[in-house]
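Colleague: Dropping in entry.json, which is JSON, C-alpha atoms:
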```json
[["chain", "number", "residue", "atom", "x", "y", "z"],
["A", 1, "LEU", "CA", -89.66, 94.22, -42.87],
["A", 2, "SER", "CA", -86.77, 96.09, -44.30],
["A", 3, "VAL", "CA", -83.88, 94.20, -45.80],
["A", 4, "PRO", "CA", -80.40, 95.40, -44.83],
["A", 5, "ALA", "CA", -78.32, 96.76, -47.68],
["A", 6, "ALA", "CA", -75.58, 94.52, -49.03],
["A", 7, "THR", "CA", -72.13, 95.59, -48.04],
["A", 8, "ALA", "CA", -69.55, 96.14, -50.73],
["A", 9, "ALA", "CA", -66.95, 93.44, -51.16],
["A", 10, "PRO", "CA", -63.56, 94.41, -49.78],
["A", 11, "GLY", "CA", -61.23, 95.90, -52.36],
["A", 12, "PRO", "CA", -57.67, 94.83, -53.08],
["A", 13, "LEU", "CA", -54.98, 95.42, -50.49],
["A", 14, "ARG", "CA", -53.45, 98.87, -50.49],
["A", 15, "TRP", "CA", -50.00, 98.34, -49.10],
["A", 16, "PRO", "CA", -47.61, 100.86, -50.68],
["A", 17, "VAL", "CA", -44.26, 100.08, -52.24],
["A", 18, "THR", "CA", -41.69, 102.86, -51.88],
["A", 19, "ASP", "CA", -39.10, 103.22, -54.63],
["A", 20, "ARG", "CA", -35.70, 103.67, -52.97],
["A", 21, "LEU", "CA", -33.69, 102.38, -55.91],
["A", 22, "ALA", "CA", -31.82, 105.64, -56.44],
["A", 23, "GLU", "CA", -30.99, 106.08, -52.73],
["A", 24, "ASP", "CA", -30.52, 102.54, -51.40],
["A", 25, "GLY", "CA", -30.94, 100.21, -54.39],
["A", 26, "VAL", "CA", -34.12, 98.66, -52.97],
["A", 27, "LEU", "CA", -37.91, 98.78, -53.12],
["A", 28, "VAL", "CA", -39.65, 98.80, -49.72],
["A", 29, "TRP", "CA", -43.06, 97.21, -49.18],
["A", 30, "HIS", "CA", -44.96, 98.72, -46.22],
["A", 31, "ILE", "CA", -47.43, 96.36, -44.52],
["A", 32, "PRO", "CA", -49.37, 97.65, -41.50],
["A", 33, "LEU", "CA", -49.33, 95.13, -38.62],
["A", 34, "PRO", "CA", -50.68, 96.97, -35.57],
["A", 35, "GLY", "CA", -50.06, 94.99, -32.40],
["A", 36, "ALA", "CA", -47.61, 92.56, -34.03],
["A", 37, "VAL", "CA", -44.73, 91.29, -31.90],
["A", 38, "ARG", "CA", -41.35, 90.72, -33.55],
["A", 39, "ASP", "CA", -40.77, 87.36, -31.85],
["A", 40, "GLU", "CA", -44.13, 86.09, -33.17],
["A", 41, "LEU", "CA", -43.56, 87.25, -36.75],
["A", 42, "ASP", "CA", -42.52, 84.97, -39.58],
["A", 43, "LEU", "CA", -42.11, 85.64, -43.31],
["A", 44, "VAL", "CA", -41.55, 83.16, -46.10],
["A", 45, "ARG", "CA", -41.22, 84.00, -49.78],
["A", 46, "ARG", "CA", -42.79, 81.31, -51.95],
["A", 47, "GLY", "CA", -42.59, 82.15, -55.64],
["A", 48, "ASP", "CA", -44.71, 85.25, -56.22],
["A", 49, "GLU", "CA", -46.33, 85.09, -52.78],
["A", 50, "LEU", "CA", -45.43, 86.08, -49.25],
["A", 51, "LEU", "CA", -46.52, 83.82, -46.39],
["A", 52, "LEU", "CA", -46.97, 86.11, -43.41],
["A", 53, "THR", "CA", -47.53, 84.80, -39.88],
["A", 54, "ALA", "CA", -48.16, 87.15, -36.95],
["A", 55, "GLY", "CA", -48.94, 85.27, -33.75],
["A", 56, "PRO", "CA", -51.90, 82.97, -34.43],
["A", 57, "PHE", "CA", -52.76, 84.71, -37.71],
["A", 58, "ARG", "CA", -51.52, 83.61, -41.11],
["A", 59, "ARG", "CA", -52.04, 85.12, -44.54],
["A", 60, "ILE", "CA", -50.80, 84.34, -48.04],
["A", 61, "VAL", "CA", -50.32, 87.59, -49.96],
["A", 62, "PRO", "CA", -49.49, 87.93, -53.67],
["A", 63, "LEU", "CA", -46.49, 90.16, -54.34],
["A", 64, "PRO", "CA", -46.96, 93.33, -56.38],
["A", 65, "SER", "CA", -45.66, 92.72, -59.92],
["A", 66, "ALA", "CA", -42.49, 94.82, -59.51],
["A", 67, "LEU", "CA", -41.50, 92.82, -56.42],
["A", 68, "CYS", "CA", -41.87, 89.50, -58.23],
["A", 69, "ARG", "CA", -38.67, 90.40, -60.11],
["A", 70, "CYS", "CA", -36.76, 91.04, -56.88],
["A", 71, "THR", "CA", -35.14, 89.12, -54.06],
["A", 72, "VAL", "CA", -35.90, 89.79, -50.40],
["A", 73, "ASP", "CA", -33.11, 91.90, -48.92],
["A", 74, "GLY", "CA", -34.36, 92.17, -45.33],
["A", 75, "ALA", "CA", -37.27, 93.22, -43.16],
["A", 76, "ALA", "CA", -37.97, 95.27, -40.04],
["A", 77, "LEU", "CA", -41.00, 95.74, -37.79],
["A", 78, "ARG", "CA", -41.26, 99.27, -36.38],
["A", 79, "ASP", "CA", -44.20, 101.18, -34.94],
["A", 80, "GLY", "CA", -46.77, 98.61, -36.08],
["A", 81, "GLU", "CA", -45.51, 98.51, -39.67],
["A", 82, "LEU", "CA", -43.56, 95.76, -41.38],
["A", 83, "ARG", "CA", -41.10, 97.08, -43.96],
["A", 84, "ILE", "CA", -39.74, 94.48, -46.35],
["A", 85, "ARG", "CA", -36.79, 95.44, -48.56],
["A", 86, "PHE", "CA", -36.55, 93.94, -52.04],
["A", 87, "ALA", "CA", -33.47, 94.18, -54.27],
["A", 88, "PRO", "CA", -33.89, 93.92, -58.04],
["A", 89, "ASP", "CA", -32.77, 90.57, -59.45],
["A", 90, "PRO", "CA", -30.35, 91.55, -62.26],
["A", 91, "THR", "CA", -31.43, 88.54, -64.35],
["A", 92, "LEU", "CA", -35.09, 89.67, -64.29],
["A", 93, "TRP", "CA", -34.90, 93.47, -64.01],
["A", 94, "PRO", "CA", -34.83, 95.64, -67.15],
["A", 95, "ARG", "CA", -31.45, 97.19, -67.77],
["A", 96, "GLU", "CA", -30.93, 100.88, -68.36],
["A", 97, "ARG", "CA", -29.50, 101.87, -71.69]]
```
Translate this file's structure into structure tokens.

Modeller:
Amino acid sequence: LSVPAATAAPGPLRWPVTDRLAEDGVLVWHIPLPGAVRDELDLVRRGDELLLTAGPFRRIVPLPSALCRCTVDGAALRDGELRIRFAPDPTLWPRER
């Protein structure tokens, strides 16, 4: 009997962060949520984590390191993608010289 090959463990999440500091003063985290409904979506920032609920599904996601030094500035769900805006916290963000 042949033994099935082991599948590779899933890698880390690849949700991009767009730097819009120069244009809008924010960083935008793009999280794909195909099929999500706005009325069934909930977000809670807890320390360096994001608690994300979409309908019956819930996930705790660690924030990328740059976003840990920011405050949540807003969010929007469009075309199956959640875009969360983060503004740099002036007490934690490096200052330009």

Colleague: List the spatial neighbours of range 41-46 of chain A as a PyMOL selection string - criterion: any atom at most 12 Å away, all atoms listed in the file, same-chain residues fewer than 5 positions off excluded.

Modeller: chain A and resi 33+35-36+51-63+67-68+70-77+80-84+86

Colleague: Do you know which residues are at most 12 Å from Pro94 in chain A counting all atoms listed in the file, after dropping those on the same chain fewer than 5 positions away, and could you put them as a VMD selection string?

Modeller: chain A and resid 66 69 to 70 88 to 89

Colleague: What is the distance, in Å and to one decimal place, between CA of Glu40 in chain A and CA of Ala87 in chain A?

Modeller: 25.0 Å

Colleague: At what distance in Å, to one decimal, does CA of Pro34 in chain A lie from CA of Leu50 in chain A?

Modeller: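 One can read the CA of Leu50 in chain A to CA of Pro34 in chain A distance as 18.3 Å.
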
Colleague: Nearest to Arg85 in chain A: which of A:Val37, A:Arg20, A:Leu27, A:Arg14 is it, counting all atoms listed in the file?

Modeller: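 Closest residue, counting all atoms listed in the file: A:Leu27.
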